[in-house]
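Student: Here it is, the structure in full.
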Amino acid sequence: MHLEQSKIPVIGEKPMNIDPYRSLKVETIRKDFPIFEAHDNPPLIYLDSAASSLTPLCVIDAMDKYYLNYRSNIHRGIYQISEEATAQYEEARKKVARFINSRRSSQIIFTRNTTESINLVAYSWGDANIREGDEILVTVMEHHSNLVPWQLLAQRTGAKLRFIEVTDDGVLQLEDLDGLLTERTKLVAITHVSNVLGTINPVQSITTAAHQVNAKVIIDAAQSVPHFPIDVQQIDCDFLAFSGHKMCGPTGVGILYGKRDLLEQMPPFLGGGSMIRSVERERSTYAELPAKFEAGTPGIAEAIGLGAAVDYLTDIGLDAIQAHEQEILEYAYQILSEIDGITLYGPKPRQRAGALTFNLSGIHPHDLAGVLDGEGVAVRAGHHCAQPLMQRYGVIATARASFYLYNKLEEVDRLYDGLLKAQKLFTRRRR
């Protein structure tokens, strides 16, 4: 069960299957995103896809088509446009299932976002299975969405949180895993890709180790599903959560994947319409999966838009997207490393996805982001909803540039020039 991060291959724990002749036609791809045409003075350099990706026209069109042509509720109306809405909504579920290789589409639960998906597991599975004295294993690099729900569960039940620490190089101290996984461990909650460091964690190996002590595993895949192929059957995780808005889809829709036997055993998260089979005065019986966890009217247009985003990413190819991001990441890592006074956080490019987090000596990240915004460069600045990780590195905040399929190498040059401009500006102010 002993794991060493450096010996585990990146990206799904198998060699990257990248066709070198299938490079992205970035200029063609950028035409799919209307926002670039709306900002041309200066041109928009969007380097914040880790927070929320841009939306292609095909996704907007799919949602508009719903509102314009068959706007109605689903699973209820015995009339044509309602049946069309239901069919498109359920087809989107099937697309997501294929996208992550879920065995059945009924294992795909629509939620509002990754946060809601994780909270669903914490309240439904967690309250039913976690007891006083049990242990929940998380990592120091978790987004608050995969930490706070487990803090709340521990407070409700008397369970204890334990942590996998992070090295100075931004990888997990997996040599500690043997000692952390015990018969008291009931759940391992781990991010697939750190939203701050970009670190790609070996979730398949960690899942295997967790299952050896009969612990369940939930993976926060918000930063991985949009960027490289995910196979939930290969990983063998018990739950996996991600969001539409980070993968070219709309806001307001997320996904929870779960193993069927676990989902069937779990009580509902929310009660109301749609999630019931029958209701009497004193009791109710619940609908089959996935309806049991989709109370009330869902985000119909949003789910349909997510289905269109899945089609879009599938047509382009996640292997090609991954290779493109790696090229940009390696270039950015190389040239930003040459800037005096810069600190880059996290591992080398081949151990990380397309995000680069940094600080410039003497400049607050918020000020740095403000200067870059004046140059048309959009980056994220702050604690990135990962305050324990900020504390680990002794900083209050950092700046982060994150890359996706529509970014170009020239945009990294603009980022570089903006950082040098910020240095000169704040040097003059200090003098």
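The way I read the labels, and the way they are meant: chains A, B, ... in the order of the structure tokens, residue 1 as the first residue of every chain, and ligand 1 as the first ligand shown, with later ones counted on from there.
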Excluding Thr251 in chain A and residues on its chain fewer than 2 positions from it, collect all residues at most 9 Å away from it, counting only C-alpha atoms, and give them as a VMD selection string.
Tutor: chain A and resid 52 112 to 113 243 to 246 249 253 to 254 302
Student: Based on the selection just made, write N, CA and C atoms of those residues as a compact mmCIF listing (two decimals), in the first residue's frame.
Tutor:
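Okay, this is what ended up in result18.txt:
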# COMPACT_ATOMS: atom_id res chain seq x y z
N SER A 52 -13.75 29.48 -13.80
CA SER A 52 -14.91 29.26 -14.64
C SER A 52 -14.46 29.42 -16.09
N ARG A 112 -26.43 21.41 -8.52
CA ARG A 112 -26.12 22.78 -8.97
C ARG A 112 -24.65 22.98 -9.26
N ASN A 113 -23.77 22.22 -8.60
CA ASN A 113 -22.33 22.44 -8.73
C ASN A 113 -21.59 21.35 -7.94
N SER A 243 -18.32 20.15 -11.92
CA SER A 243 -19.22 21.24 -12.29
C SER A 243 -19.22 21.50 -13.78
N GLY A 244 -20.37 21.93 -14.30
CA GLY A 244 -20.47 22.26 -15.70
C GLY A 244 -19.72 23.52 -16.09
N HIS A 245 -19.68 24.51 -15.20
CA HIS A 245 -19.14 25.81 -15.59
C HIS A 245 -17.64 25.83 -15.75
N LYS A 246 -16.95 24.76 -15.37
CA LYS A 246 -15.51 24.68 -15.59
C LYS A 246 -15.16 23.89 -16.85
N GLY A 249 -19.48 24.49 -20.01
CA GLY A 249 -20.91 24.46 -19.81
C GLY A 249 -21.40 25.67 -19.05
N VAL A 253 -25.16 24.03 -12.89
CA VAL A 253 -25.35 22.59 -13.05
C VAL A 253 -24.05 21.87 -12.67
N GLY A 254 -24.21 20.85 -11.86
CA GLY A 254 -23.08 20.02 -11.45
C GLY A 254 -23.47 18.56 -11.53
N GLU A 302 -29.82 24.27 -18.14
CA GLU A 302 -28.42 24.11 -17.76
C GLU A 302 -27.92 22.69 -18.03
Student: Please determine, counting only C-alpha atoms, which residue among A:Ala287, A:Val26, A:Ala85, A:Ala401 has the shortest atom-to-atom distance to Gly272 in chain A.
Tutor: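 Comparing A:Ala287, A:Val26, A:Ala85, A:Ala401 against Gly272 in chain A, the winner is A:Ala287.
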Student: Of the candidates A:Thr427, A:Ser361, A:Thr182, A:Thr111, which shows the shortest atom-to-atom distance to Leu137 in chain A, using only C-alpha atoms?
Tutor: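 Among A:Thr427, A:Ser361, A:Thr182, A:Thr111, it is A:Thr182 that comes nearest to Leu137 in chain A.
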Student: Could you pull out the strand (DSSP E) residues of range 51-230 of chain A from DSSP and send them as an NGL selection string?
Tutor: :A and (108-111 or 135-139 or 160-164 or 185-191 or 216-220)
Student: Write out, as an mmCIF file, in the first residue's frame, the residues just selected, with N, CA and C atoms.
Tutor:
data_model
loop_
_atom_site.group_PDB
_atom_site.id
_atom_site.type_symbol
_atom_site.label_atom_id
_atom_site.label_comp_id
_atom_site.auth_asym_id
_atom_site.auth_seq_id
_atom_site.Cartn_x
_atom_site.Cartn_y
_atom_site.Cartn_z
ATOM 1 N N ILE A 108 -25.733 9.004 -12.533
ATOM 2 C CA ILE A 108 -25.412 10.416 -12.730
ATOM 3 C C ILE A 108 -26.528 11.265 -12.126
ATOM 4 N N ILE A 109 -26.190 12.013 -11.088
ATOM 5 C CA ILE A 109 -27.154 12.882 -10.404
ATOM 6 C C ILE A 109 -26.853 14.323 -10.788
ATOM 7 N N PHE A 110 -27.864 15.041 -11.288
ATOM 8 C CA PHE A 110 -27.698 16.465 -11.567
ATOM 9 C C PHE A 110 -27.840 17.264 -10.275
ATOM 10 N N THR A 111 -26.879 18.144 -10.039
ATOM 11 C CA THR A 111 -26.915 19.055 -8.893
ATOM 12 C C THR A 111 -26.667 20.462 -9.423
ATOM 13 N N GLU A 135 -12.961 8.125 11.346
ATOM 14 C CA GLU A 135 -12.016 9.107 10.804
ATOM 15 C C GLU A 135 -12.304 9.370 9.330
ATOM 16 N N ILE A 136 -12.154 10.639 8.964
ATOM 17 C CA ILE A 136 -12.309 11.097 7.586
ATOM 18 C C ILE A 136 -10.962 11.650 7.155
ATOM 19 N N LEU A 137 -10.412 11.092 6.086
ATOM 20 C CA LEU A 137 -9.087 11.500 5.630
ATOM 21 C C LEU A 137 -9.219 12.453 4.447
ATOM 22 N N VAL A 138 -8.629 13.636 4.582
ATOM 23 C CA VAL A 138 -8.625 14.642 3.526
ATOM 24 C C VAL A 138 -7.181 15.092 3.317
ATOM 25 N N THR A 139 -6.975 16.021 2.402
ATOM 26 C CA THR A 139 -5.637 16.548 2.176
ATOM 27 C C THR A 139 -5.604 18.031 2.482
ATOM 28 N N LYS A 160 -13.477 12.299 13.430
ATOM 29 C CA LYS A 160 -12.223 13.058 13.453
ATOM 30 C C LYS A 160 -11.687 13.220 12.041
ATOM 31 N N LEU A 161 -11.202 14.427 11.738
ATOM 32 C CA LEU A 161 -10.539 14.672 10.469
ATOM 33 C C LEU A 161 -9.045 14.408 10.597
ATOM 34 N N ARG A 162 -8.482 13.727 9.607
ATOM 35 C CA ARG A 162 -7.043 13.564 9.516
ATOM 36 C C ARG A 162 -6.596 14.051 8.140
ATOM 37 N N PHE A 163 -5.323 14.437 8.037
ATOM 38 C CA PHE A 163 -4.869 15.127 6.844
ATOM 39 C C PHE A 163 -3.626 14.477 6.241
ATOM 40 N N ILE A 164 -3.626 14.372 4.919
ATOM 41 C CA ILE A 164 -2.409 14.075 4.171
ATOM 42 C C ILE A 164 -1.718 15.410 3.926
ATOM 43 N N THR A 185 -10.742 4.562 9.473
ATOM 44 C CA THR A 185 -10.976 5.429 8.314
ATOM 45 C C THR A 185 -12.229 4.960 7.581
ATOM 46 N N LYS A 186 -13.218 5.830 7.486
ATOM 47 C CA LYS A 186 -14.466 5.484 6.808
ATOM 48 C C LYS A 186 -14.604 6.172 5.454
ATOM 49 N N LEU A 187 -13.877 7.285 5.296
ATOM 50 C CA LEU A 187 -14.005 8.037 4.051
ATOM 51 C C LEU A 187 -12.693 8.735 3.741
ATOM 52 N N VAL A 188 -12.316 8.714 2.454
ATOM 53 C CA VAL A 188 -11.198 9.515 1.955
ATOM 54 C C VAL A 188 -11.772 10.501 0.947
ATOM 55 N N ALA A 189 -11.563 11.785 1.199
ATOM 56 C CA ALA A 189 -12.049 12.854 0.319
ATOM 57 C C ALA A 189 -10.833 13.561 -0.268
ATOM 58 N N ILE A 190 -10.688 13.500 -1.585
ATOM 59 C CA ILE A 190 -9.451 13.982 -2.200
ATOM 60 C C ILE A 190 -9.729 14.677 -3.522
ATOM 61 N N THR A 191 -9.011 15.748 -3.759
ATOM 62 C CA THR A 191 -9.099 16.412 -5.048
ATOM 63 C C THR A 191 -8.249 15.673 -6.075
ATOM 64 N N LYS A 216 -14.587 4.385 1.967
ATOM 65 C CA LYS A 216 -15.143 4.897 0.721
ATOM 66 C C LYS A 216 -14.312 6.093 0.261
ATOM 67 N N VAL A 217 -14.403 6.397 -1.041
ATOM 68 C CA VAL A 217 -13.602 7.481 -1.615
ATOM 69 C C VAL A 217 -14.500 8.395 -2.431
ATOM 70 N N ILE A 218 -14.407 9.692 -2.155
ATOM 71 C CA ILE A 218 -15.056 10.703 -2.978
ATOM 72 C C ILE A 218 -13.972 11.586 -3.584
ATOM 73 N N ILE A 219 -14.077 11.819 -4.883
ATOM 74 C CA ILE A 219 -13.088 12.600 -5.612
ATOM 75 C C ILE A 219 -13.707 13.904 -6.087
ATOM 76 N N ASP A 220 -13.052 15.007 -5.746
ATOM 77 C CA ASP A 220 -13.403 16.314 -6.297
ATOM 78 C C ASP A 220 -12.700 16.411 -7.648
#
Student: Work out how far apart CA of Leu152 in chain A and CA of Asn201 in chain A are and give it in Å to one decimal.
Tutor: 24.6 Å
Student: When you count only C-alpha atoms, which of these residues is closest to Thr86 in chain A: A:Thr297, A:Gln151, A:Thr343, A:Asn214?
Tutor: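 Distance minimum relative to Thr86 in chain A lands on A:Thr297.
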Student: Show me, as a ChimeraX atom specification, the residues that have an atom within 12 Å of Leu425 in chain A when counting only C-alpha atoms, minus same-chain residues fewer than 4 positions from it.
Tutor: /A:362-363,367-368,370-372,418-421,429-431
